[in-house]
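Text of the file data_19.txt, holding compact mmCIF, C-alpha atoms and all ligand atoms:
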```txt
# COMPACT_ATOMS: atom_id res chain seq x y z
CA MET A 1 1.22 29.97 17.40
CA LYS A 2 2.54 31.27 14.08
CA ILE A 3 5.81 29.77 12.86
CA ILE A 4 7.72 29.74 9.56
CA PHE A 5 8.40 26.32 8.03
CA ALA A 6 11.32 26.59 5.62
CA THR A 7 9.82 24.66 2.73
CA ASN A 8 7.91 25.36 -0.44
CA ASN A 9 7.08 21.65 -0.89
CA ALA A 10 3.26 21.45 -0.67
CA HIS A 11 3.33 17.74 0.29
CA LYS A 12 5.65 18.37 3.23
CA LEU A 13 3.63 21.38 4.31
CA SER A 14 0.38 19.43 4.51
CA GLU A 15 2.05 16.43 6.25
CA VAL A 16 3.57 18.68 8.90
CA GLN A 17 0.43 20.80 9.35
CA ALA A 18 -1.62 17.62 9.90
CA VAL A 19 0.73 16.46 12.68
CA LEU A 20 1.05 19.85 14.39
CA GLY A 21 -2.71 20.47 14.40
CA ASP A 22 -4.80 23.65 14.36
CA GLY A 23 -2.91 25.30 17.22
CA PHE A 24 -0.08 26.14 14.81
CA THR A 25 -0.24 28.31 11.70
CA LEU A 26 2.54 27.43 9.31
CA VAL A 27 3.92 30.24 7.15
CA THR A 28 6.03 29.49 4.06
CA PRO A 29 9.18 31.39 3.01
CA ARG A 30 7.32 32.61 -0.10
CA GLN A 31 4.60 34.11 2.12
CA CYS A 32 7.42 36.08 3.84
CA GLY A 33 8.72 37.38 0.50
CA ILE A 34 11.64 34.92 0.33
CA THR A 35 11.47 33.69 -3.26
CA GLU A 36 15.06 32.51 -3.86
CA GLU A 37 16.09 28.91 -3.25
CA ILE A 38 17.08 28.38 0.39
CA PRO A 39 20.72 27.18 0.51
CA GLU A 40 21.43 23.60 1.65
CA GLU A 41 25.10 22.97 0.94
CA GLN A 42 26.20 20.88 3.93
CA GLU A 43 27.31 17.25 4.00
CA THR A 44 24.94 16.12 6.78
CA LEU A 45 21.17 16.26 7.33
CA GLU A 46 21.79 18.13 10.60
CA GLY A 47 23.97 20.67 8.77
CA ASN A 48 21.40 21.28 6.05
CA ALA A 49 18.42 21.57 8.41
CA SER A 50 20.40 24.01 10.49
CA GLN A 51 21.58 26.04 7.48
CA LYS A 52 18.01 26.38 6.14
CA ALA A 53 16.53 27.39 9.51
CA ARG A 54 19.31 29.91 10.20
CA TYR A 55 18.91 31.40 6.72
CA ILE A 56 15.20 32.05 7.32
CA HIS A 57 15.83 33.34 10.82
CA ASP A 58 18.56 35.73 9.58
CA ARG A 59 16.22 37.04 6.86
CA THR A 60 13.10 37.45 9.03
CA GLY A 61 14.13 37.48 12.71
CA GLU A 62 11.10 35.20 13.29
CA ASN A 63 10.76 31.79 14.95
CA CYS A 64 11.12 29.10 12.30
CA PHE A 65 12.05 25.51 11.59
CA ALA A 66 13.48 23.55 8.68
CA ASP A 67 13.73 19.83 7.99
CA ASP A 68 16.12 17.78 5.94
CA THR A 69 15.51 14.16 5.01
CA GLY A 70 17.62 11.43 3.51
CA LEU A 71 16.99 7.88 2.37
CA GLU A 72 19.84 5.69 3.69
CA VAL A 73 20.14 2.37 1.83
CA ALA A 74 22.25 -0.31 3.56
CA ALA A 75 23.53 -2.06 0.39
CA LEU A 76 24.63 1.33 -1.00
CA GLY A 77 26.64 2.30 2.08
CA GLY A 78 24.00 4.80 3.24
CA ALA A 79 23.50 6.47 -0.17
CA PRO A 80 21.72 8.53 -1.41
CA GLY A 81 21.55 9.97 2.16
CA VAL A 82 22.07 13.71 2.25
CA HIS A 83 22.12 13.70 -1.58
CA SER A 84 18.60 12.18 -1.87
CA ALA A 85 17.06 15.15 -3.71
CA ARG A 86 19.79 15.28 -6.35
CA TYR A 87 20.61 11.59 -6.66
CA ALA A 88 20.07 11.23 -10.41
CA THR A 89 20.03 14.82 -11.65
CA ASP A 90 20.61 18.37 -10.48
CA GLY A 91 16.90 18.98 -10.00
CA HIS A 92 14.32 17.30 -7.79
CA ASP A 93 13.44 14.68 -10.43
CA PHE A 94 11.62 12.05 -8.36
CA ALA A 95 11.07 9.64 -11.29
CA ALA A 96 14.75 9.73 -12.33
CA ASN A 97 15.87 9.25 -8.70
CA ASN A 98 13.63 6.20 -8.36
CA ARG A 99 14.90 4.69 -11.62
CA LEU A 100 18.53 5.16 -10.54
CA LEU A 101 17.86 3.63 -7.11
CA LEU A 102 16.26 0.54 -8.70
CA ARG A 103 19.18 0.23 -11.14
CA ASN A 104 21.77 0.49 -8.34
CA LEU A 105 19.96 -2.19 -6.33
CA GLU A 106 19.54 -4.62 -9.22
CA GLY A 107 20.59 -8.12 -8.15
CA LYS A 108 21.13 -7.09 -4.52
CA SER A 109 19.31 -9.20 -1.92
CA ASP A 110 19.86 -6.77 0.97
CA ARG A 111 17.03 -4.25 0.47
CA ARG A 112 17.16 -2.63 3.94
CA ALA A 113 16.76 1.15 4.01
CA ARG A 114 15.67 3.86 6.35
CA PHE A 115 14.37 7.41 6.07
CA ARG A 116 15.86 9.87 8.52
CA THR A 117 14.55 13.40 9.13
CA VAL A 118 16.29 16.08 11.14
CA ILE A 119 14.41 19.23 12.16
CA SER A 120 16.18 22.40 13.26
CA LEU A 121 13.95 24.74 15.26
CA ILE A 122 15.08 28.30 15.94
CA LEU A 123 13.04 29.67 18.79
CA ASN A 124 13.85 33.07 20.24
CA GLY A 125 17.26 32.83 18.53
CA GLU A 126 18.17 29.43 20.03
CA GLU A 127 18.50 26.23 18.02
CA HIS A 128 16.93 22.87 18.97
CA LEU A 129 17.30 19.64 16.92
CA PHE A 130 14.76 16.78 16.60
CA GLU A 131 15.20 13.47 14.74
CA GLY A 132 12.78 10.90 13.33
CA VAL A 133 13.70 7.55 11.74
CA VAL A 134 11.69 4.81 10.04
CA GLU A 135 13.28 1.50 9.07
CA GLY A 136 12.05 -0.47 6.06
CA ARG A 137 12.97 -1.89 2.67
CA ILE A 138 13.13 -0.97 -1.01
CA ILE A 139 10.98 -3.07 -3.33
CA ASP A 140 11.87 -3.78 -6.98
CA HIS A 141 9.07 -1.79 -8.68
CA GLU A 142 7.09 1.37 -7.98
CA ALA A 143 3.74 0.92 -6.21
CA GLY A 144 1.18 3.61 -5.39
CA HIS A 145 0.59 7.26 -6.30
CA GLU A 146 0.30 9.06 -2.95
CA GLY A 147 3.09 11.04 -1.31
CA PHE A 148 6.25 12.05 -3.16
CA GLY A 149 9.92 11.23 -3.72
CA TYR A 150 10.92 7.64 -2.96
CA ASP A 151 7.50 6.80 -1.42
CA PRO A 152 6.49 4.32 -4.20
CA LEU A 153 9.59 2.19 -3.47
CA PHE A 154 9.65 2.14 0.35
CA ILE A 155 7.75 -0.28 2.63
CA PRO A 156 8.17 0.49 6.34
CA ASP A 157 8.84 -2.44 8.70
CA GLY A 158 5.63 -4.02 9.99
CA CYS A 159 3.66 -2.89 6.89
CA GLU A 160 2.84 -4.51 3.57
CA ARG A 161 2.25 -1.39 1.48
CA THR A 162 4.58 1.37 0.29
CA PHE A 163 4.22 4.90 1.63
CA ALA A 164 2.73 5.78 -1.77
CA GLU A 165 -0.09 3.28 -1.16
CA MET A 166 -0.99 4.82 2.22
CA SER A 167 -3.25 7.74 3.09
CA PRO A 168 -1.42 10.79 4.46
CA GLU A 169 -2.66 9.83 7.98
CA GLU A 170 -1.28 6.29 7.70
CA LYS A 171 2.08 7.57 6.43
CA ASN A 172 2.33 10.23 9.15
CA ALA A 173 1.63 7.66 11.89
CA VAL A 174 4.86 5.77 11.16
CA SER A 175 7.01 8.04 9.00
CA HIS A 176 10.36 9.66 9.74
CA ARG A 177 8.87 13.15 9.33
CA GLY A 178 5.79 12.30 11.41
CA ARG A 179 8.05 11.11 14.25
CA ALA A 180 10.35 14.14 14.11
CA VAL A 181 7.40 16.56 13.91
CA ARG A 182 5.67 14.92 16.88
CA LYS A 183 8.84 15.54 18.93
CA LEU A 184 8.85 19.16 17.75
CA ALA A 185 5.14 19.50 18.62
CA GLU A 186 5.64 18.00 22.10
CA TYR A 187 8.43 20.47 22.75
CA LEU A 188 6.40 23.48 21.56
CA HIS A 189 3.30 22.34 23.51
CA SER A 190 5.41 21.92 26.67
CA LEU A 191 6.60 25.52 26.34
CA GLU A 192 3.04 26.76 25.78
CA ALA A 193 1.86 24.84 28.84
CA ALA A 194 4.71 26.32 30.92
CA THR A 195 3.87 29.91 29.88
CA GLU A 196 0.15 29.38 30.65
CA LYS A 197 0.94 28.38 34.27
P1 LIG B 201 14.46 17.21 1.63
O1 LIG B 201 15.80 17.80 1.42
O2 LIG B 201 14.08 17.06 3.03
O3 LIG B 201 13.42 17.88 0.80
O4 LIG B 201 14.49 15.72 1.08
C1 LIG B 201 15.42 15.29 0.11
C2 LIG B 201 14.80 14.27 -0.80
O5 LIG B 201 14.47 13.12 -0.05
C3 LIG B 201 13.51 14.69 -1.49
O6 LIG B 201 13.76 15.36 -2.69
C4 LIG B 201 12.84 13.37 -1.74
O7 LIG B 201 13.38 12.78 -2.89
C5 LIG B 201 13.28 12.55 -0.55
N1 LIG B 201 12.27 12.58 0.51
C6 LIG B 201 12.17 13.42 1.56
N2 LIG B 201 11.11 13.13 2.32
C7 LIG B 201 10.53 12.06 1.72
C8 LIG B 201 9.37 11.30 2.04
O8 LIG B 201 8.65 11.52 3.02
N3 LIG B 201 9.09 10.29 1.18
C9 LIG B 201 9.86 9.99 0.10
N4 LIG B 201 10.92 10.68 -0.25
C10 LIG B 201 11.26 11.71 0.57
```

Output the file's structure in the form of structure tokens.
Amino acid sequence: MKIIFATNNAHKLSEVQAVLGDGFTLVTPRQCGITEEIPEEQETLEGNASQKARYIHDRTGENCFADDTGLEVAALGGAPGVHSARYATDGHDFAANNRLLLRNLEGKSDRRARFRTVISLILNGEEHLFEGVVEGRIIDHEAGHEGFGYDPLFIPDGCERTFAEMSPEEKNAVSHRGRAVRKLAEYLHSLEAATEK
């Protein structure tokens, strides 16, 4: 099955492709001639995922999905949350975001945090939402070089290494996005199985 994934982030693309498997061919917005930035102006992850998926669907008429992720830190009242990409600056400056997060958590003993991903799938014009959450904690220094974003600062519960110290397979097995994408995959596989009957 061919489906558009509303991202131009190469890391996300390979994480999601690995979970979905060979039965799905992911197409990027750029491959469909959509070169402008896809708008995400809502105040919730659900709203942003939905806005991105609808934008691609309106432009192409094709089946598509979009994800939106936030890091929700308990001691910061759930921040940066939906503002995770632009926490420190207007751009997606991962290093500056990580520095600001460490500064804002200085001296705080409560380091609990969670990543939450929401996926909006638009299939034959109808929207379906899927969610994935991973609980964990923020450490006080960066560790590891894999992954992207806040990965060097986040250790999931039950693990001793940050996401940035894990292989893509290890991260996918427990991550927010891995969980949300597995729900998406189960749903798409169930439809395929139903049409084959
Ligand atoms: P997005 O809007 O889904 O691209 O995610 C917003 C921001 O959250 C990104 O710019 C990253 O800083 C962060 N983020 C999203 N997914 C991950 C992840 O899997 N690991 C670490 N940071 C992430």

>> Would you pick out the contacts of stretch 48-55 of chain A at 10 Å or less, using all atoms listed in the file, so that residues sharing its chain but fewer than 2 positions from it are not included, and give the list as a PyMOL selection string?
In response: chain A and resi 4-7+37-46+57-61+63-69+82+117-122+125-129

>> Could you list, as a PyMOL selection string, all protein and nucleic acid residues with an atom at most 8 Å from ligand LIG 201 (chain B), counting all atoms listed in the file?
In response: chain A and resi 7+9+12+67-71+82-86+92-94+97+115+117+147-152+154+163+175-177

> Quick one, how far is atom CA of A:Asp157 from atom CA of A:Thr89?
Replying inline: 28.9 Å

>> My list of candidates is A:Ile3, A:Ile34, A:Val134, A:Ile56. Which is closest to A:Lys171 when distances are computed with all atoms listed in the file?
In response: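 Among the listed residues, the smallest separation from A:Lys171 belongs to A:Val134.
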
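Minimum distance to A:Lys108 across A:Lys2, A:Leu76, A:Ala88, A:Ala96 (counting all atoms listed in the file) occurs at A:Leu76.
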
> atom CA of A:Val16 and atom CA of A:Val181 are how many Å apart?
Replying inline: 6.7 Å

> Contacts of A:Gly23 at 12 Å or less, counting all atoms listed in the file, minus same-chain residues fewer than 3 places along, as a VMD selection string?
Replying inline: chain A and resid 1 to 3 17 to 20 26 185 188 to 189 192

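With only C-alpha atoms as the atoms that count, the minimum distance from A:Glu131 to the choices A:Glu160, A:Ala193, A:Gly33, A:Leu184 is reached by A:Leu184.
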
Missing atoms in stretch 132-143 of chain A: can you complete it with all heavy atoms, as a CSV table (one decimal), in the coordinates of the input?
```csv
chain,number,residue,atom,x,y,z
A,132,GLY,N,13.8,12.0,13.5
A,132,GLY,CA,12.8,10.9,13.3
A,132,GLY,C,13.3,9.9,12.3
A,132,GLY,O,13.8,10.3,11.3
A,133,VAL,N,13.2,8.6,12.6
A,133,VAL,CA,13.7,7.6,11.7
A,133,VAL,C,12.6,6.5,11.5
A,133,VAL,O,11.9,6.2,12.4
A,133,VAL,CB,14.9,6.9,12.4
A,133,VAL,CG1,15.4,5.7,11.6
A,133,VAL,CG2,16.1,7.8,12.6
A,134,VAL,N,12.5,6.0,10.3
A,134,VAL,CA,11.7,4.8,10.0
A,134,VAL,C,12.5,3.8,9.2
A,134,VAL,O,13.1,4.1,8.2
A,134,VAL,CB,10.4,5.2,9.3
A,134,VAL,CG1,10.6,5.8,8.0
A,134,VAL,CG2,9.5,3.9,9.2
A,135,GLU,N,12.5,2.6,9.7
A,135,GLU,CA,13.3,1.5,9.1
A,135,GLU,C,12.3,0.8,8.1
A,135,GLU,O,11.1,0.7,8.4
A,135,GLU,CB,13.8,0.5,10.1
A,135,GLU,CG,14.6,1.0,11.2
A,135,GLU,CD,16.1,1.3,10.8
A,135,GLU,OE1,16.5,0.8,9.7
A,135,GLU,OE2,16.8,2.0,11.6
A,136,GLY,N,12.9,0.3,7.0
A,136,GLY,CA,12.0,-0.5,6.1
A,136,GLY,C,12.9,-1.1,5.0
A,136,GLY,O,14.0,-1.4,5.2
A,137,ARG,N,12.2,-1.3,3.8
A,137,ARG,CA,13.0,-1.9,2.7
A,137,ARG,C,12.5,-1.3,1.3
A,137,ARG,O,11.4,-0.7,1.2
A,137,ARG,CB,12.8,-3.4,2.7
A,137,ARG,CG,11.3,-3.8,2.5
A,137,ARG,CD,11.1,-5.3,2.8
A,137,ARG,NE,9.7,-5.6,3.0
A,137,ARG,CZ,8.9,-6.0,2.0
A,137,ARG,NH1,9.3,-6.2,0.8
A,137,ARG,NH2,7.6,-6.2,2.3
A,138,ILE,N,13.4,-1.5,0.4
A,138,ILE,CA,13.1,-1.0,-1.0
A,138,ILE,C,12.7,-2.1,-1.9
A,138,ILE,O,13.4,-3.2,-1.9
A,138,ILE,CB,14.4,-0.4,-1.6
A,138,ILE,CG1,15.0,0.8,-0.8
A,138,ILE,CG2,14.1,0.1,-3.1
A,138,ILE,CD1,14.1,2.0,-0.6
A,139,ILE,N,11.5,-2.0,-2.5
A,139,ILE,CA,11.0,-3.1,-3.3
A,139,ILE,C,11.5,-2.9,-4.8
A,139,ILE,O,12.2,-1.9,-5.0
A,139,ILE,CB,9.4,-3.2,-3.3
A,139,ILE,CG1,8.8,-1.8,-3.7
A,139,ILE,CG2,9.0,-3.6,-1.9
A,139,ILE,CD1,7.3,-1.9,-3.9
A,140,ASP,N,11.2,-3.8,-5.7
A,140,ASP,CA,11.9,-3.8,-7.0
A,140,ASP,C,11.0,-3.2,-8.1
A,140,ASP,O,11.3,-3.2,-9.3
A,140,ASP,CB,12.3,-5.2,-7.4
A,140,ASP,CG,11.2,-6.1,-7.6
A,140,ASP,OD1,10.0,-5.7,-7.5
A,140,ASP,OD2,11.4,-7.3,-7.8
A,141,HIS,N,9.9,-2.5,-7.7
A,141,HIS,CA,9.1,-1.8,-8.7
A,141,HIS,C,8.3,-0.7,-7.9
A,141,HIS,O,8.1,-0.8,-6.7
A,141,HIS,CB,8.1,-2.8,-9.3
A,141,HIS,CG,7.2,-3.4,-8.3
A,141,HIS,ND1,7.5,-4.5,-7.5
A,141,HIS,CD2,5.9,-3.1,-7.9
A,141,HIS,CE1,6.6,-4.8,-6.7
A,141,HIS,NE2,5.6,-3.9,-6.9
A,142,GLU,N,7.8,0.3,-8.7
A,142,GLU,CA,7.1,1.4,-8.0
A,142,GLU,C,5.7,0.9,-7.7
A,142,GLU,O,5.1,0.2,-8.5
A,142,GLU,CB,7.0,2.6,-8.9
A,142,GLU,CG,8.4,3.3,-9.0
A,142,GLU,CD,8.3,4.7,-9.5
A,142,GLU,OE1,7.2,5.3,-9.5
A,142,GLU,OE2,9.4,5.2,-9.9
A,143,ALA,N,5.1,1.3,-6.5
A,143,ALA,CA,3.7,0.9,-6.2
A,143,ALA,C,3.1,2.1,-5.5
A,143,ALA,O,3.6,2.5,-4.5
A,143,ALA,CB,3.7,-0.3,-5.3
```
